[in-house]
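Q: Let me begin by handing over the structure; questions about it come next.
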Amino acid sequence: MEFCILTKEEIHDFWELRLHGLREHPELFSASYEEFVRRPIGEVMESFPEENNHFVLGAFMNEQLVGIAGFRQEKGEKIRHKGTIWGVYVNPDSQGGGIGKQLISALLETIKQQLPELEQIHLMVGSHNDKAKKLYESFGFRTYGTEKQSLKINETQYIDEDHMVLIFKK
């Protein structure tokens, strides 16, 4: 298993995996497949995060992208000690072998190396997603609130989301 920060060279692989997750598991993401599939790849490439404090980490198995996890540090003077993990997804064909755990571990290590001033990392996870919550808790993330009806899917289904935080320093 190899982990690296994705560049625009991997945009097509990233986009394919991202769209797969949005299409097959709408309850896991605040973004919708319908919104994203209409975006031209050029637009995706222009907005693709490639900065020290805003990036996507990829998990590669046999040179194939099988997992992604995004990270964004806040920019404001009073909030730049915080960051957010977003868009975590592992291809279902690759799940069950600990890739998710390895991906989050590699992501946290990358964040610590690149942004030693960071003190908090936030994320949101569906309240129903016990597997993901247990994974995040194993790294020290703690739930600090639940947003009821955070996501609305197809006008009929609501998803509550738990807000979690990992504190590095006090």
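Labeling convention for the structure tokens: chains A, B, ... as they appear, residues from 1 per chain, ligands from 1 in order of appearance.
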Quick one: everything within 10 Å of stretch 37-45 of chain A, counting only C-alpha atoms, minus sequence neighbours fewer than 6 positions away in the same chain. Send it as a ChimeraX atom specification.
A: /A:7-12,15-16,18-19,22-23
Q: Those residues you just picked out, can you put them in a file as a compact mmCIF listing (two decimals), in the first residue's frame with N, CA and C atoms?
A:
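result.txt written:
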```
# COMPACT_ATOMS: atom_id res chain seq x y z
N THR A 7 -1.94 14.78 -7.25
CA THR A 7 -1.71 15.96 -8.08
C THR A 7 -2.71 15.92 -9.23
N LYS A 8 -2.67 16.95 -10.04
CA LYS A 8 -3.58 17.00 -11.18
C LYS A 8 -3.34 15.85 -12.17
N GLU A 9 -2.18 15.23 -12.09
CA GLU A 9 -1.89 14.07 -12.95
C GLU A 9 -2.82 12.90 -12.63
N GLU A 10 -3.29 12.82 -11.39
CA GLU A 10 -4.19 11.72 -10.99
C GLU A 10 -5.65 12.15 -10.99
N ILE A 11 -5.96 13.30 -11.58
CA ILE A 11 -7.32 13.86 -11.50
C ILE A 11 -8.38 12.90 -12.03
N HIS A 12 -8.09 12.22 -13.11
CA HIS A 12 -9.10 11.33 -13.69
C HIS A 12 -9.40 10.15 -12.77
N TRP A 15 -11.36 11.56 -9.79
CA TRP A 15 -12.72 11.92 -10.16
C TRP A 15 -13.59 10.68 -10.32
N GLU A 16 -13.04 9.64 -10.91
CA GLU A 16 -13.78 8.39 -11.08
C GLU A 16 -14.15 7.78 -9.73
N ARG A 18 -14.26 9.38 -6.78
CA ARG A 18 -15.15 10.32 -6.09
C ARG A 18 -16.58 10.18 -6.59
N LEU A 19 -16.77 10.14 -7.90
CA LEU A 19 -18.11 9.99 -8.47
C LEU A 19 -18.73 8.65 -8.09
N LEU A 22 -20.02 9.05 -4.56
CA LEU A 22 -21.21 9.91 -4.52
C LEU A 22 -22.43 9.19 -5.09
N ARG A 23 -22.24 8.42 -6.14
CA ARG A 23 -23.35 7.72 -6.79
C ARG A 23 -23.84 6.54 -5.96
```
Q: Tell me, as a PyMOL selection string, which residues lie within 12 Å of A:Gln102, counting only C-alpha atoms; anything in the same chain fewer than 2 positions away does not count.
A: chain A and resi 1-3+57-61+66-69+90+95-100+104-109+135-136+138-139
Q: Output N, CA and C atoms of each residue in that selection to a file, as an mmCIF file, in the first residue's frame.
A:
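selection12.cif, written as the output of this step:
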```cif
data_model
loop_
_atom_site.group_PDB
_atom_site.id
_atom_site.type_symbol
_atom_site.label_atom_id
_atom_site.label_comp_id
_atom_site.auth_asym_id
_atom_site.auth_seq_id
_atom_site.Cartn_x
_atom_site.Cartn_y
_atom_site.Cartn_z
ATOM 1 N N MET A 1 0.854 -1.181 0.000
ATOM 2 C CA MET A 1 0.000 0.000 0.000
ATOM 3 C C MET A 1 0.894 1.237 0.000
ATOM 4 N N GLU A 2 0.599 2.157 -0.892
ATOM 5 C CA GLU A 2 1.321 3.419 -0.961
ATOM 6 C C GLU A 2 0.345 4.564 -0.769
ATOM 7 N N PHE A 3 0.825 5.619 -0.116
ATOM 8 C CA PHE A 3 0.011 6.810 0.124
ATOM 9 C C PHE A 3 0.774 8.016 -0.386
ATOM 10 N N LEU A 57 -5.233 13.074 -0.106
ATOM 11 C CA LEU A 57 -4.298 11.963 0.013
ATOM 12 C C LEU A 57 -4.917 10.746 -0.656
ATOM 13 N N GLY A 58 -4.125 10.056 -1.451
ATOM 14 C CA GLY A 58 -4.609 8.865 -2.138
ATOM 15 C C GLY A 58 -3.949 7.611 -1.603
ATOM 16 N N ALA A 59 -4.721 6.521 -1.590
ATOM 17 C CA ALA A 59 -4.195 5.205 -1.233
ATOM 18 C C ALA A 59 -4.126 4.382 -2.517
ATOM 19 N N PHE A 60 -2.940 3.865 -2.807
ATOM 20 C CA PHE A 60 -2.722 3.098 -4.026
ATOM 21 C C PHE A 60 -2.375 1.657 -3.692
ATOM 22 N N MET A 61 -3.043 0.744 -4.387
ATOM 23 C CA MET A 61 -2.731 -0.675 -4.279
ATOM 24 C C MET A 61 -2.439 -1.155 -5.690
ATOM 25 N N VAL A 66 -7.314 3.396 -4.726
ATOM 26 C CA VAL A 66 -8.405 2.662 -4.087
ATOM 27 C C VAL A 66 -9.033 3.425 -2.926
ATOM 28 N N GLY A 67 -8.405 4.528 -2.516
ATOM 29 C CA GLY A 67 -8.947 5.308 -1.409
ATOM 30 C C GLY A 67 -8.512 6.755 -1.498
ATOM 31 N N ILE A 68 -9.375 7.644 -0.984
ATOM 32 C CA ILE A 68 -9.077 9.077 -0.978
ATOM 33 C C ILE A 68 -9.538 9.688 0.340
ATOM 34 N N ALA A 69 -8.837 10.735 0.742
ATOM 35 C CA ALA A 69 -9.221 11.499 1.934
ATOM 36 C C ALA A 69 -8.726 12.925 1.742
ATOM 37 N N VAL A 90 -13.184 4.706 0.434
ATOM 38 C CA VAL A 90 -12.400 3.561 -0.018
ATOM 39 C C VAL A 90 -13.290 2.731 -0.927
ATOM 40 N N GLN A 95 -12.353 -2.723 0.455
ATOM 41 C CA GLN A 95 -12.654 -2.585 1.875
ATOM 42 C C GLN A 95 -12.452 -3.901 2.603
ATOM 43 N N GLY A 96 -12.250 -3.785 3.912
ATOM 44 C CA GLY A 96 -12.129 -4.979 4.747
ATOM 45 C C GLY A 96 -10.697 -5.381 5.032
ATOM 46 N N GLY A 97 -9.742 -4.751 4.368
ATOM 47 C CA GLY A 97 -8.346 -5.102 4.592
ATOM 48 C C GLY A 97 -7.572 -4.071 5.380
ATOM 49 N N GLY A 98 -8.284 -3.169 6.024
ATOM 50 C CA GLY A 98 -7.629 -2.161 6.838
ATOM 51 C C GLY A 98 -7.151 -0.945 6.067
ATOM 52 N N ILE A 99 -7.573 -0.803 4.815
ATOM 53 C CA ILE A 99 -7.127 0.339 4.010
ATOM 54 C C ILE A 99 -7.619 1.648 4.611
ATOM 55 N N GLY A 100 -8.866 1.680 5.073
ATOM 56 C CA GLY A 100 -9.401 2.897 5.674
ATOM 57 C C GLY A 100 -8.574 3.341 6.862
ATOM 58 N N ILE A 104 -6.371 6.849 7.022
ATOM 59 C CA ILE A 104 -6.530 7.888 8.046
ATOM 60 C C ILE A 104 -5.218 8.070 8.808
ATOM 61 N N SER A 105 -4.524 6.996 9.099
ATOM 62 C CA SER A 105 -3.238 7.090 9.782
ATOM 63 C C SER A 105 -2.243 7.892 8.936
ATOM 64 N N ALA A 106 -2.165 7.580 7.655
ATOM 65 C CA ALA A 106 -1.248 8.296 6.753
ATOM 66 C C ALA A 106 -1.665 9.761 6.618
ATOM 67 N N LEU A 107 -2.969 10.023 6.582
ATOM 68 C CA LEU A 107 -3.460 11.392 6.483
ATOM 69 C C LEU A 107 -3.062 12.195 7.720
ATOM 70 N N LEU A 108 -3.287 11.640 8.891
ATOM 71 C CA LEU A 108 -2.932 12.342 10.132
ATOM 72 C C LEU A 108 -1.425 12.590 10.220
ATOM 73 N N GLU A 109 -0.633 11.625 9.794
ATOM 74 C CA GLU A 109 0.822 11.791 9.808
ATOM 75 C C GLU A 109 1.244 12.887 8.833
ATOM 76 N N LEU A 135 -13.785 3.807 13.639
ATOM 77 C CA LEU A 135 -12.472 4.034 13.048
ATOM 78 C C LEU A 135 -11.901 5.362 13.531
ATOM 79 N N TYR A 136 -12.683 6.424 13.413
ATOM 80 C CA TYR A 136 -12.210 7.743 13.843
ATOM 81 C C TYR A 136 -11.933 7.775 15.348
ATOM 82 N N SER A 138 -10.866 5.396 17.110
ATOM 83 C CA SER A 138 -9.617 4.672 17.377
ATOM 84 C C SER A 138 -8.394 5.584 17.241
ATOM 85 N N PHE A 139 -8.545 6.716 16.557
ATOM 86 C CA PHE A 139 -7.466 7.697 16.419
ATOM 87 C C PHE A 139 -7.583 8.836 17.432
#
```
Q: Would you mind writing down, as number ranges by chain, each residue of chain A that DSSP on the backbone assigns to strand (DSSP E)?
A: A: 2-5, 54-61, 64-73, 82-90, 120-126, 142-153, 157-167
Q: Taking C-alpha atoms for each residue, export the selection above as a short mmCIF file (atom, residue, chain, number, x, y, z; two decimals), in the first residue's frame.
A:
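The result, stored in part.cif:
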```
data_model
loop_
_atom_site.label_atom_id
_atom_site.label_comp_id
_atom_site.auth_asym_id
_atom_site.auth_seq_id
_atom_site.Cartn_x
_atom_site.Cartn_y
_atom_site.Cartn_z
CA GLU A 2 1.32 3.42 -0.96
CA PHE A 3 0.01 6.81 0.12
CA CYS A 4 0.71 10.13 -1.55
CA ILE A 5 -0.79 13.54 -2.02
CA HIS A 54 -5.44 21.83 1.27
CA PHE A 55 -4.93 18.48 -0.42
CA VAL A 56 -6.23 14.99 -1.16
CA LEU A 57 -4.30 11.96 0.01
CA GLY A 58 -4.61 8.86 -2.14
CA ALA A 59 -4.19 5.20 -1.23
CA PHE A 60 -2.72 3.10 -4.03
CA MET A 61 -2.73 -0.67 -4.28
CA GLN A 64 -4.47 1.70 -8.64
CA LEU A 65 -6.17 4.44 -6.60
CA VAL A 66 -8.40 2.66 -4.09
CA GLY A 67 -8.95 5.31 -1.41
CA ILE A 68 -9.08 9.08 -0.98
CA ALA A 69 -9.22 11.50 1.93
CA GLY A 70 -9.29 15.27 1.65
CA PHE A 71 -7.98 17.83 4.12
CA ARG A 72 -8.40 21.60 4.35
CA GLN A 73 -6.86 23.95 6.93
CA LYS A 82 -8.12 24.05 12.86
CA GLY A 83 -8.61 21.86 9.83
CA THR A 84 -11.26 19.59 8.34
CA ILE A 85 -11.11 16.10 6.89
CA TRP A 86 -13.57 15.64 4.01
CA GLY A 87 -14.48 13.18 1.27
CA VAL A 88 -13.04 10.00 2.80
CA TYR A 89 -13.83 7.02 0.60
CA VAL A 90 -12.40 3.56 -0.02
CA GLN A 120 -7.62 20.51 15.94
CA ILE A 121 -9.00 18.37 13.16
CA HIS A 122 -12.74 18.23 12.57
CA LEU A 123 -14.90 15.94 10.48
CA MET A 124 -18.53 14.99 10.04
CA VAL A 125 -19.81 11.45 9.74
CA GLY A 126 -23.31 10.03 9.34
CA ARG A 142 -14.56 12.43 19.88
CA THR A 143 -18.13 13.38 19.04
CA TYR A 144 -19.07 16.85 20.26
CA GLY A 145 -22.49 17.22 18.67
CA THR A 146 -25.07 15.85 16.27
CA GLU A 147 -26.71 17.83 13.52
CA LYS A 148 -30.21 16.48 13.03
CA GLN A 149 -31.43 16.15 9.44
CA SER A 150 -28.08 17.43 8.20
CA LEU A 151 -28.48 15.87 4.76
CA LYS A 152 -31.63 15.48 2.71
CA ILE A 153 -31.59 12.84 0.00
CA GLN A 157 -34.59 10.65 3.46
CA TYR A 158 -32.76 12.60 6.15
CA ILE A 159 -29.32 11.80 7.53
CA ASP A 160 -28.12 13.02 10.92
CA GLU A 161 -24.40 13.77 11.12
CA ASP A 162 -22.09 13.57 14.11
CA HIS A 163 -19.44 16.28 14.41
CA MET A 164 -16.14 14.88 15.64
CA VAL A 165 -12.86 16.52 16.65
CA LEU A 166 -9.31 15.40 17.36
CA ILE A 167 -7.39 17.83 19.59
#
```
